[in-house]
$ cat target.cif   # mmCIF, N, CA and C atoms
data_model
loop_
_atom_site.label_atom_id
_atom_site.label_comp_id
_atom_site.auth_asym_id
_atom_site.auth_seq_id
_atom_site.Cartn_x
_atom_site.Cartn_y
_atom_site.Cartn_z
N MET A 21 -17.16 16.66 7.09
CA MET A 21 -16.16 17.08 8.04
C MET A 21 -15.58 18.43 7.64
N ASN A 22 -15.23 18.59 6.39
CA ASN A 22 -14.78 19.87 5.87
C ASN A 22 -13.63 20.47 6.68
N ALA A 23 -12.59 19.68 6.92
CA ALA A 23 -11.46 20.10 7.74
C ALA A 23 -10.48 20.96 6.95
N GLN A 24 -10.01 22.00 7.58
CA GLN A 24 -9.01 22.88 6.99
C GLN A 24 -7.65 22.55 7.60
N ALA A 25 -6.57 23.01 6.95
CA ALA A 25 -5.21 22.69 7.39
C ALA A 25 -4.98 23.09 8.84
N HIS A 26 -5.48 24.23 9.24
CA HIS A 26 -5.22 24.70 10.60
C HIS A 26 -6.01 23.90 11.64
N GLU A 27 -6.95 23.07 11.19
CA GLU A 27 -7.76 22.27 12.09
C GLU A 27 -7.21 20.86 12.27
N TRP A 28 -6.20 20.47 11.51
CA TRP A 28 -5.72 19.10 11.56
C TRP A 28 -4.83 18.90 12.78
N SER A 29 -5.30 18.10 13.69
CA SER A 29 -4.49 17.77 14.86
C SER A 29 -3.56 16.62 14.51
N ASP A 30 -2.55 16.43 15.34
CA ASP A 30 -1.65 15.30 15.13
C ASP A 30 -2.42 13.98 15.20
N ALA A 31 -3.34 13.88 16.15
CA ALA A 31 -4.14 12.66 16.30
C ALA A 31 -4.96 12.40 15.04
N PHE A 32 -5.58 13.44 14.49
CA PHE A 32 -6.37 13.31 13.26
C PHE A 32 -5.49 12.80 12.12
N LEU A 33 -4.34 13.43 11.94
CA LEU A 33 -3.45 13.05 10.85
C LEU A 33 -2.88 11.64 11.06
N ASP A 34 -2.52 11.31 12.30
CA ASP A 34 -2.00 9.97 12.58
C ASP A 34 -3.04 8.90 12.28
N ASP A 35 -4.29 9.17 12.63
CA ASP A 35 -5.37 8.22 12.32
C ASP A 35 -5.57 8.08 10.82
N ARG A 36 -5.51 9.20 10.09
CA ARG A 36 -5.68 9.15 8.64
C ARG A 36 -4.51 8.41 7.98
N VAL A 37 -3.30 8.60 8.49
CA VAL A 37 -2.14 7.89 7.93
C VAL A 37 -2.28 6.40 8.17
N ARG A 38 -2.75 6.02 9.34
CA ARG A 38 -2.96 4.61 9.65
C ARG A 38 -4.01 4.01 8.69
N ASP A 39 -5.11 4.74 8.50
CA ASP A 39 -6.15 4.28 7.56
C ASP A 39 -5.58 4.14 6.15
N LEU A 40 -4.82 5.14 5.74
CA LEU A 40 -4.25 5.14 4.40
C LEU A 40 -3.26 3.99 4.22
N ALA A 41 -2.43 3.74 5.22
CA ALA A 41 -1.46 2.64 5.14
C ALA A 41 -2.18 1.31 4.97
N GLU A 42 -3.26 1.12 5.69
CA GLU A 42 -4.04 -0.11 5.56
C GLU A 42 -4.63 -0.24 4.16
N ARG A 43 -5.10 0.86 3.61
CA ARG A 43 -5.67 0.85 2.26
C ARG A 43 -4.59 0.56 1.22
N ILE A 44 -3.40 1.10 1.44
CA ILE A 44 -2.29 0.86 0.51
C ILE A 44 -1.93 -0.62 0.50
N VAL A 45 -1.77 -1.20 1.68
CA VAL A 45 -1.41 -2.61 1.76
C VAL A 45 -2.50 -3.47 1.12
N ARG A 46 -3.75 -3.16 1.42
CA ARG A 46 -4.87 -3.91 0.84
C ARG A 46 -4.87 -3.82 -0.69
N GLU A 47 -4.57 -2.64 -1.20
CA GLU A 47 -4.52 -2.42 -2.65
C GLU A 47 -3.55 -3.40 -3.32
N TYR A 48 -2.36 -3.52 -2.75
CA TYR A 48 -1.35 -4.41 -3.33
C TYR A 48 -1.70 -5.89 -3.10
N GLU A 49 -2.28 -6.20 -1.94
CA GLU A 49 -2.63 -7.59 -1.64
C GLU A 49 -3.74 -8.10 -2.55
N GLU A 50 -4.66 -7.22 -2.94
CA GLU A 50 -5.78 -7.64 -3.78
C GLU A 50 -5.36 -7.98 -5.21
N ASP A 51 -4.28 -7.37 -5.68
CA ASP A 51 -3.83 -7.63 -7.05
C ASP A 51 -2.30 -7.60 -7.12
N PRO A 52 -1.63 -8.57 -6.50
CA PRO A 52 -0.16 -8.53 -6.51
C PRO A 52 0.44 -8.65 -7.91
N TYR A 53 -0.23 -9.36 -8.79
CA TYR A 53 0.31 -9.54 -10.14
C TYR A 53 0.14 -8.29 -11.00
N GLY A 54 -0.72 -7.38 -10.58
CA GLY A 54 -0.92 -6.14 -11.32
C GLY A 54 0.28 -5.21 -11.25
N TYR A 55 1.22 -5.51 -10.37
CA TYR A 55 2.40 -4.67 -10.20
C TYR A 55 3.67 -5.37 -10.66
N VAL A 56 3.49 -6.44 -11.42
CA VAL A 56 4.62 -7.21 -11.94
C VAL A 56 4.55 -7.19 -13.45
N GLU A 57 5.66 -6.79 -14.05
CA GLU A 57 5.73 -6.79 -15.51
C GLU A 57 7.09 -7.30 -15.93
N ASP A 58 7.09 -8.32 -16.76
CA ASP A 58 8.34 -8.96 -17.22
C ASP A 58 9.21 -9.40 -16.05
N GLY A 59 8.57 -9.89 -14.99
CA GLY A 59 9.30 -10.38 -13.83
C GLY A 59 9.79 -9.31 -12.88
N LEU A 60 9.55 -8.05 -13.20
CA LEU A 60 9.99 -6.95 -12.34
C LEU A 60 8.79 -6.37 -11.59
N ILE A 61 9.03 -6.04 -10.33
CA ILE A 61 7.98 -5.45 -9.50
C ILE A 61 8.08 -3.94 -9.57
N ASP A 62 6.99 -3.30 -9.97
CA ASP A 62 6.92 -1.83 -10.01
C ASP A 62 5.70 -1.42 -9.20
N LEU A 63 5.92 -0.97 -7.98
CA LEU A 63 4.82 -0.64 -7.08
C LEU A 63 4.15 0.69 -7.42
N ARG A 64 4.84 1.54 -8.18
CA ARG A 64 4.28 2.86 -8.52
C ARG A 64 3.75 3.55 -7.25
N GLU A 65 4.63 3.61 -6.25
CA GLU A 65 4.26 4.10 -4.93
C GLU A 65 3.58 5.47 -4.96
N ASP A 66 4.18 6.40 -5.69
CA ASP A 66 3.64 7.76 -5.71
C ASP A 66 2.24 7.81 -6.33
N ILE A 67 2.03 7.03 -7.38
CA ILE A 67 0.72 7.02 -8.04
C ILE A 67 -0.33 6.37 -7.14
N THR A 68 0.02 5.24 -6.55
CA THR A 68 -0.91 4.54 -5.67
C THR A 68 -1.23 5.40 -4.45
N PHE A 69 -0.20 5.99 -3.85
CA PHE A 69 -0.42 6.86 -2.69
C PHE A 69 -1.35 8.01 -3.04
N GLU A 70 -1.05 8.69 -4.12
CA GLU A 70 -1.83 9.87 -4.49
C GLU A 70 -3.29 9.52 -4.77
N ARG A 71 -3.51 8.43 -5.48
CA ARG A 71 -4.89 8.04 -5.80
C ARG A 71 -5.67 7.72 -4.53
N LEU A 72 -5.09 6.92 -3.65
CA LEU A 72 -5.79 6.53 -2.44
C LEU A 72 -5.94 7.70 -1.46
N ALA A 73 -4.95 8.56 -1.39
CA ALA A 73 -5.03 9.74 -0.52
C ALA A 73 -6.08 10.73 -1.04
N GLU A 74 -6.16 10.88 -2.34
CA GLU A 74 -7.19 11.75 -2.93
C GLU A 74 -8.59 11.23 -2.60
N GLU A 75 -8.77 9.91 -2.71
CA GLU A 75 -10.06 9.32 -2.37
C GLU A 75 -10.40 9.59 -0.91
N LEU A 76 -9.40 9.48 -0.03
CA LEU A 76 -9.61 9.74 1.39
C LEU A 76 -9.96 11.21 1.62
N ALA A 77 -9.26 12.11 0.95
CA ALA A 77 -9.52 13.54 1.10
C ALA A 77 -10.94 13.88 0.64
N GLU A 78 -11.38 13.29 -0.46
CA GLU A 78 -12.74 13.53 -0.95
C GLU A 78 -13.77 12.99 0.03
N LYS A 79 -13.52 11.80 0.55
CA LYS A 79 -14.44 11.19 1.50
C LYS A 79 -14.58 12.06 2.76
N LEU A 80 -13.48 12.65 3.20
CA LEU A 80 -13.49 13.49 4.40
C LEU A 80 -13.85 14.95 4.10
N GLU A 81 -14.08 15.24 2.82
CA GLU A 81 -14.43 16.58 2.38
C GLU A 81 -13.35 17.61 2.75
N ILE A 82 -12.10 17.22 2.55
CA ILE A 82 -10.96 18.10 2.78
C ILE A 82 -10.88 19.06 1.60
N LEU A 83 -10.85 20.34 1.88
CA LEU A 83 -10.80 21.34 0.80
C LEU A 83 -9.40 21.50 0.22
N ASP A 84 -8.39 21.50 1.07
CA ASP A 84 -7.01 21.69 0.62
C ASP A 84 -6.35 20.32 0.43
N HIS A 85 -6.66 19.68 -0.68
CA HIS A 85 -6.14 18.34 -0.94
C HIS A 85 -4.62 18.30 -0.94
N ARG A 86 -4.00 19.28 -1.58
CA ARG A 86 -2.55 19.27 -1.73
C ARG A 86 -1.86 19.29 -0.37
N ALA A 87 -2.28 20.17 0.51
CA ALA A 87 -1.66 20.25 1.84
C ALA A 87 -1.91 18.97 2.63
N PHE A 88 -3.10 18.42 2.49
CA PHE A 88 -3.45 17.19 3.19
C PHE A 88 -2.56 16.04 2.71
N LEU A 89 -2.40 15.90 1.39
CA LEU A 89 -1.56 14.85 0.84
C LEU A 89 -0.10 15.02 1.27
N GLU A 90 0.38 16.24 1.31
CA GLU A 90 1.75 16.48 1.75
C GLU A 90 1.96 16.05 3.20
N GLU A 91 0.99 16.35 4.05
CA GLU A 91 1.08 15.95 5.46
C GLU A 91 1.06 14.44 5.60
N LEU A 92 0.18 13.79 4.85
CA LEU A 92 0.11 12.33 4.92
C LEU A 92 1.40 11.70 4.42
N TRP A 93 1.95 12.23 3.32
CA TRP A 93 3.19 11.69 2.75
C TRP A 93 4.34 11.80 3.74
N LYS A 94 4.41 12.94 4.44
CA LYS A 94 5.48 13.14 5.43
C LYS A 94 5.35 12.16 6.59
N ARG A 95 4.15 11.86 6.99
CA ARG A 95 3.91 11.03 8.17
C ARG A 95 3.87 9.53 7.87
N LEU A 96 3.70 9.18 6.62
CA LEU A 96 3.58 7.77 6.24
C LEU A 96 4.90 7.04 6.45
N ASP A 97 4.83 5.86 7.05
CA ASP A 97 6.02 5.01 7.19
C ASP A 97 6.23 4.34 5.83
N HIS A 98 7.20 4.83 5.10
CA HIS A 98 7.41 4.37 3.72
C HIS A 98 7.94 2.94 3.64
N GLU A 99 8.27 2.36 4.78
CA GLU A 99 8.72 0.97 4.78
C GLU A 99 7.58 0.01 4.47
N ILE A 100 6.34 0.49 4.52
CA ILE A 100 5.24 -0.40 4.14
C ILE A 100 5.40 -0.85 2.70
N PHE A 101 6.01 -0.02 1.87
CA PHE A 101 6.21 -0.39 0.47
C PHE A 101 7.21 -1.54 0.35
N GLU A 102 8.23 -1.55 1.21
CA GLU A 102 9.18 -2.66 1.20
C GLU A 102 8.51 -3.94 1.68
N GLY A 103 7.63 -3.83 2.66
CA GLY A 103 6.89 -4.99 3.13
C GLY A 103 6.00 -5.55 2.05
N VAL A 104 5.35 -4.67 1.32
CA VAL A 104 4.49 -5.08 0.22
C VAL A 104 5.32 -5.72 -0.89
N ARG A 105 6.47 -5.12 -1.17
CA ARG A 105 7.36 -5.67 -2.21
C ARG A 105 7.77 -7.10 -1.82
N GLN A 106 8.08 -7.31 -0.55
CA GLN A 106 8.48 -8.64 -0.09
C GLN A 106 7.32 -9.63 -0.21
N THR A 107 6.12 -9.18 0.12
CA THR A 107 4.94 -10.03 0.00
C THR A 107 4.71 -10.45 -1.45
N ILE A 108 4.86 -9.51 -2.36
CA ILE A 108 4.70 -9.82 -3.79
C ILE A 108 5.79 -10.79 -4.24
N THR A 109 7.02 -10.56 -3.79
CA THR A 109 8.13 -11.46 -4.12
C THR A 109 7.83 -12.87 -3.63
N ASP A 110 7.36 -12.99 -2.38
CA ASP A 110 7.01 -14.30 -1.82
C ASP A 110 5.91 -14.97 -2.63
N THR A 111 4.92 -14.18 -3.04
CA THR A 111 3.82 -14.72 -3.84
C THR A 111 4.34 -15.26 -5.17
N LEU A 112 5.23 -14.52 -5.81
CA LEU A 112 5.80 -14.96 -7.08
C LEU A 112 6.63 -16.23 -6.90
N GLU A 113 7.41 -16.29 -5.82
CA GLU A 113 8.23 -17.47 -5.56
C GLU A 113 7.36 -18.69 -5.29
N ASP A 114 6.30 -18.51 -4.52
CA ASP A 114 5.39 -19.62 -4.25
C ASP A 114 4.70 -20.09 -5.53
N HIS A 115 4.32 -19.14 -6.36
CA HIS A 115 3.69 -19.46 -7.64
C HIS A 115 4.66 -20.28 -8.50
N ALA A 116 5.91 -19.85 -8.54
CA ALA A 116 6.92 -20.56 -9.33
C ALA A 116 7.17 -21.95 -8.74
N ALA A 117 7.21 -22.08 -7.42
CA ALA A 117 7.42 -23.38 -6.78
C ALA A 117 6.28 -24.33 -7.11
N TYR A 118 5.09 -23.81 -7.12
CA TYR A 118 3.92 -24.64 -7.45
C TYR A 118 4.03 -25.17 -8.88
N HIS A 119 4.36 -24.28 -9.80
CA HIS A 119 4.42 -24.69 -11.20
C HIS A 119 5.65 -25.54 -11.51
N LYS A 120 6.67 -25.42 -10.69
CA LYS A 120 7.88 -26.22 -10.90
C LYS A 120 7.60 -27.70 -10.61
N ASN A 121 6.86 -27.95 -9.52
CA ASN A 121 6.57 -29.33 -9.16
C ASN A 121 5.24 -29.37 -8.42
N VAL A 122 4.18 -29.48 -9.15
CA VAL A 122 2.83 -29.42 -8.60
C VAL A 122 2.59 -30.52 -7.56
N LEU A 123 3.06 -31.71 -7.82
CA LEU A 123 2.79 -32.82 -6.91
C LEU A 123 3.52 -32.71 -5.57
N GLU A 124 4.65 -32.06 -5.57
CA GLU A 124 5.41 -31.93 -4.32
C GLU A 124 5.26 -30.56 -3.67
N TYR A 125 4.44 -29.72 -4.24
CA TYR A 125 4.25 -28.38 -3.68
C TYR A 125 3.59 -28.51 -2.31
N HIS A 126 4.18 -27.89 -1.32
CA HIS A 126 3.71 -28.01 0.06
C HIS A 126 2.57 -27.07 0.42
N GLY A 127 2.36 -26.05 -0.39
CA GLY A 127 1.26 -25.13 -0.15
C GLY A 127 1.52 -24.10 0.92
N LEU A 128 2.72 -24.06 1.46
CA LEU A 128 3.07 -23.07 2.48
C LEU A 128 3.88 -21.95 1.87
N SER A 129 3.71 -20.78 2.39
CA SER A 129 4.52 -19.64 1.95
C SER A 129 5.94 -19.80 2.47
N GLN A 130 6.88 -19.27 1.75
CA GLN A 130 8.27 -19.31 2.23
C GLN A 130 8.41 -18.61 3.58
N ARG A 131 7.55 -17.64 3.86
CA ARG A 131 7.59 -16.95 5.15
C ARG A 131 7.23 -17.88 6.29
N ASP A 132 6.50 -18.96 6.02
CA ASP A 132 6.12 -19.89 7.07
C ASP A 132 7.31 -20.61 7.67
N PHE A 133 8.44 -20.58 6.98
CA PHE A 133 9.64 -21.28 7.45
C PHE A 133 10.59 -20.38 8.25
N TYR A 134 10.24 -19.13 8.41
CA TYR A 134 11.11 -18.21 9.16
C TYR A 134 10.64 -18.05 10.57
#

$ encode --input "target.cif" --output "structure tokens"
Amino acid sequence: MNAQAHEWSDAFLDDRVRDLAERIVREYEEDPYGYVEDGLIDLREDITFERLAEELAEKLEILDHRAFLEELWKRLDHEIFEGVRQTITDTLEDHAAYHKNVLEYHGLSQRDFY
């Protein structure tokens, strides 16, 4: 593709942000415990974003990675990180509920009751 900054349309960037957001969510869903240390959740948003955005830029053969990443960061709905944080919290709570009383564990996520 070899896209330059002056070639990036809003539609192109919006599509890339949507792709990136899906990849970010998938990243956290695949290893929720990888972002928990001593009971605290550390999403390392900037590191995760940069790594996945760099991979996307390389795949698309974007020459100006820095400008591309800045555009994606500006357009990204950062609330996805709060959604991911909540999902990890729910996973930890369900895990704790299971271990608290294995025989009475219902197997449903706490979100199923809302």

$ atom_distance --input "target.cif" --atom1 "atom CA of A:Leu72" --atom2 "atom N of A:Arg43"
8.3 Å

$ resolve_selection --input "target.cif" --expression "the PyMOL selection byres ((chain A and resi 89-95) around 7)" --output "PDB file with N, CA and C atoms, in the frame of the given file"
ATOM      1  N   LEU A  33      -4.340  13.430  11.940  1.00  0.00           N
ATOM      2  CA  LEU A  33      -3.450  13.050  10.850  1.00  0.00           C
ATOM      3  C   LEU A  33      -2.880  11.640  11.060  1.00  0.00           C
ATOM      4  N   ARG A  36      -5.510   9.200  10.090  1.00  0.00           N
ATOM      5  CA  ARG A  36      -5.680   9.150   8.640  1.00  0.00           C
ATOM      6  C   ARG A  36      -4.510   8.410   7.980  1.00  0.00           C
ATOM      7  N   VAL A  37      -3.300   8.600   8.490  1.00  0.00           N
ATOM      8  CA  VAL A  37      -2.140   7.890   7.930  1.00  0.00           C
ATOM      9  C   VAL A  37      -2.280   6.400   8.170  1.00  0.00           C
ATOM     10  N   ALA A  73      -4.950   8.560  -1.390  1.00  0.00           N
ATOM     11  CA  ALA A  73      -5.030   9.740  -0.520  1.00  0.00           C
ATOM     12  C   ALA A  73      -6.080  10.730  -1.040  1.00  0.00           C
ATOM     13  N   GLU A  74      -6.160  10.880  -2.340  1.00  0.00           N
ATOM     14  CA  GLU A  74      -7.190  11.750  -2.930  1.00  0.00           C
ATOM     15  C   GLU A  74      -8.590  11.230  -2.600  1.00  0.00           C
ATOM     16  N   ASP A  84      -8.390  21.500   1.070  1.00  0.00           N
ATOM     17  CA  ASP A  84      -7.010  21.690   0.620  1.00  0.00           C
ATOM     18  C   ASP A  84      -6.350  20.320   0.430  1.00  0.00           C
ATOM     19  N   HIS A  85      -6.660  19.680  -0.680  1.00  0.00           N
ATOM     20  CA  HIS A  85      -6.140  18.340  -0.940  1.00  0.00           C
ATOM     21  C   HIS A  85      -4.620  18.300  -0.940  1.00  0.00           C
ATOM     22  N   ARG A  86      -4.000  19.280  -1.580  1.00  0.00           N
ATOM     23  CA  ARG A  86      -2.550  19.270  -1.730  1.00  0.00           C
ATOM     24  C   ARG A  86      -1.860  19.290  -0.370  1.00  0.00           C
ATOM     25  N   ALA A  87      -2.280  20.170   0.510  1.00  0.00           N
ATOM     26  CA  ALA A  87      -1.660  20.250   1.840  1.00  0.00           C
ATOM     27  C   ALA A  87      -1.910  18.970   2.630  1.00  0.00           C
ATOM     28  N   PHE A  88      -3.100  18.420   2.490  1.00  0.00           N
ATOM     29  CA  PHE A  88      -3.450  17.190   3.190  1.00  0.00           C
ATOM     30  C   PHE A  88      -2.560  16.040   2.710  1.00  0.00           C
ATOM     31  N   LEU A  96       3.700   9.180   6.620  1.00  0.00           N
ATOM     32  CA  LEU A  96       3.580   7.770   6.240  1.00  0.00           C
ATOM     33  C   LEU A  96       4.900   7.040   6.450  1.00  0.00           C
ATOM     34  N   ASP A  97       4.830   5.860   7.050  1.00  0.00           N
ATOM     35  CA  ASP A  97       6.020   5.010   7.190  1.00  0.00           C
ATOM     36  C   ASP A  97       6.230   4.340   5.830  1.00  0.00           C
ATOM     37  N   HIS A  98       7.200   4.830   5.100  1.00  0.00           N
ATOM     38  CA  HIS A  98       7.410   4.370   3.720  1.00  0.00           C
ATOM     39  C   HIS A  98       7.940   2.940   3.640  1.00  0.00           C
TER      40      HIS A  98
END

$ atom_distance --input "target.cif" --atom1 "atom CA of A:Asp110" --atom2 "atom CA of A:Glu65"
18.9 Å

$ closest_residue --input "target.cif" --among "A:Ala117, A:Ala31, A:Leu60, A:Leu40" --to "A:Leu76" --atoms "only C-alpha atoms"
A:Leu40

$ residues_around --input "target.cif" --residues "A:Val104" --least-positions-apart "6" --cutoff "8 Å" --atoms "all atoms listed in the file" --output "ChimeraX atom specification"
/A:44-45,48-49,110

$ write_last_selection --input "target.cif" --atoms "N, CA and C atoms" --output "mmCIF file, keeping the file's coordinate frame"
data_model
loop_
_atom_site.group_PDB
_atom_site.id
_atom_site.type_symbol
_atom_site.label_atom_id
_atom_site.label_comp_id
_atom_site.auth_asym_id
_atom_site.auth_seq_id
_atom_site.Cartn_x
_atom_site.Cartn_y
_atom_site.Cartn_z
ATOM 1 N N ILE A 44 -3.400 1.100 1.440
ATOM 2 C CA ILE A 44 -2.290 0.860 0.510
ATOM 3 C C ILE A 44 -1.930 -0.620 0.500
ATOM 4 N N VAL A 45 -1.770 -1.200 1.680
ATOM 5 C CA VAL A 45 -1.410 -2.610 1.760
ATOM 6 C C VAL A 45 -2.500 -3.470 1.120
ATOM 7 N N TYR A 48 -2.360 -3.520 -2.750
ATOM 8 C CA TYR A 48 -1.350 -4.410 -3.330
ATOM 9 C C TYR A 48 -1.700 -5.890 -3.100
ATOM 10 N N GLU A 49 -2.280 -6.200 -1.940
ATOM 11 C CA GLU A 49 -2.630 -7.590 -1.640
ATOM 12 C C GLU A 49 -3.740 -8.100 -2.550
ATOM 13 N N ASP A 110 7.360 -12.990 -2.380
ATOM 14 C CA ASP A 110 7.010 -14.300 -1.820
ATOM 15 C C ASP A 110 5.910 -14.970 -2.630
#

$ closest_residue --input "target.cif" --among "A:Glu75, A:Asp58, A:Glu50, A:Asp66" --to "A:Thr111" --atoms "only C-alpha atoms"
A:Glu50

$ atom_distance --input "target.cif" --atom1 "atom CA of A:Glu57" --atom2 "atom CA of A:His115"
15.1 Å

$ build_atoms --input "target.cif" --residues "stretch 55-70 of chain A" --atoms "N, CA, C and O atoms" --output "short mmCIF file (atom, residue, chain, number, x, y, z; two decimals), keeping the file's coordinate frame"
data_model
loop_
_atom_site.label_atom_id
_atom_site.label_comp_id
_atom_site.auth_asym_id
_atom_site.auth_seq_id
_atom_site.Cartn_x
_atom_site.Cartn_y
_atom_site.Cartn_z
N TYR A 55 1.22 -5.51 -10.37
CA TYR A 55 2.40 -4.67 -10.20
C TYR A 55 3.67 -5.37 -10.66
O TYR A 55 4.77 -4.95 -10.33
N VAL A 56 3.49 -6.44 -11.42
CA VAL A 56 4.62 -7.21 -11.94
C VAL A 56 4.55 -7.19 -13.45
O VAL A 56 3.52 -7.51 -14.04
N GLU A 57 5.66 -6.79 -14.05
CA GLU A 57 5.73 -6.79 -15.51
C GLU A 57 7.09 -7.30 -15.93
O GLU A 57 8.12 -6.79 -15.46
N ASP A 58 7.09 -8.32 -16.76
CA ASP A 58 8.34 -8.96 -17.22
C ASP A 58 9.21 -9.40 -16.05
O ASP A 58 10.43 -9.27 -16.09
N GLY A 59 8.57 -9.89 -14.99
CA GLY A 59 9.30 -10.38 -13.83
C GLY A 59 9.79 -9.31 -12.88
O GLY A 59 10.40 -9.62 -11.86
N LEU A 60 9.55 -8.05 -13.20
CA LEU A 60 9.99 -6.95 -12.34
C LEU A 60 8.79 -6.37 -11.59
O LEU A 60 7.71 -6.22 -12.15
N ILE A 61 9.03 -6.04 -10.33
CA ILE A 61 7.98 -5.45 -9.50
C ILE A 61 8.08 -3.94 -9.57
O ILE A 61 9.13 -3.37 -9.28
N ASP A 62 6.99 -3.30 -9.97
CA ASP A 62 6.92 -1.83 -10.01
C ASP A 62 5.70 -1.42 -9.20
O ASP A 62 4.57 -1.53 -9.68
N LEU A 63 5.92 -0.97 -7.98
CA LEU A 63 4.82 -0.64 -7.08
C LEU A 63 4.15 0.69 -7.42
O LEU A 63 3.02 0.94 -7.00
N ARG A 64 4.84 1.54 -8.18
CA ARG A 64 4.28 2.86 -8.52
C ARG A 64 3.75 3.55 -7.25
O ARG A 64 2.60 3.97 -7.17
N GLU A 65 4.63 3.61 -6.25
CA GLU A 65 4.26 4.10 -4.93
C GLU A 65 3.58 5.47 -4.96
O GLU A 65 2.55 5.66 -4.33
N ASP A 66 4.18 6.40 -5.69
CA ASP A 66 3.64 7.76 -5.71
C ASP A 66 2.24 7.81 -6.33
O ASP A 66 1.36 8.50 -5.84
N ILE A 67 2.03 7.03 -7.38
CA ILE A 67 0.72 7.02 -8.04
C ILE A 67 -0.33 6.37 -7.14
O ILE A 67 -1.44 6.90 -6.98
N THR A 68 0.02 5.24 -6.55
CA THR A 68 -0.91 4.54 -5.67
C THR A 68 -1.23 5.40 -4.45
O THR A 68 -2.40 5.54 -4.07
N PHE A 69 -0.20 5.99 -3.85
CA PHE A 69 -0.42 6.86 -2.69
C PHE A 69 -1.35 8.01 -3.04
O PHE A 69 -2.32 8.27 -2.35
N GLU A 70 -1.05 8.69 -4.12
CA GLU A 70 -1.83 9.87 -4.49
C GLU A 70 -3.29 9.52 -4.77
O GLU A 70 -4.20 10.21 -4.31
#
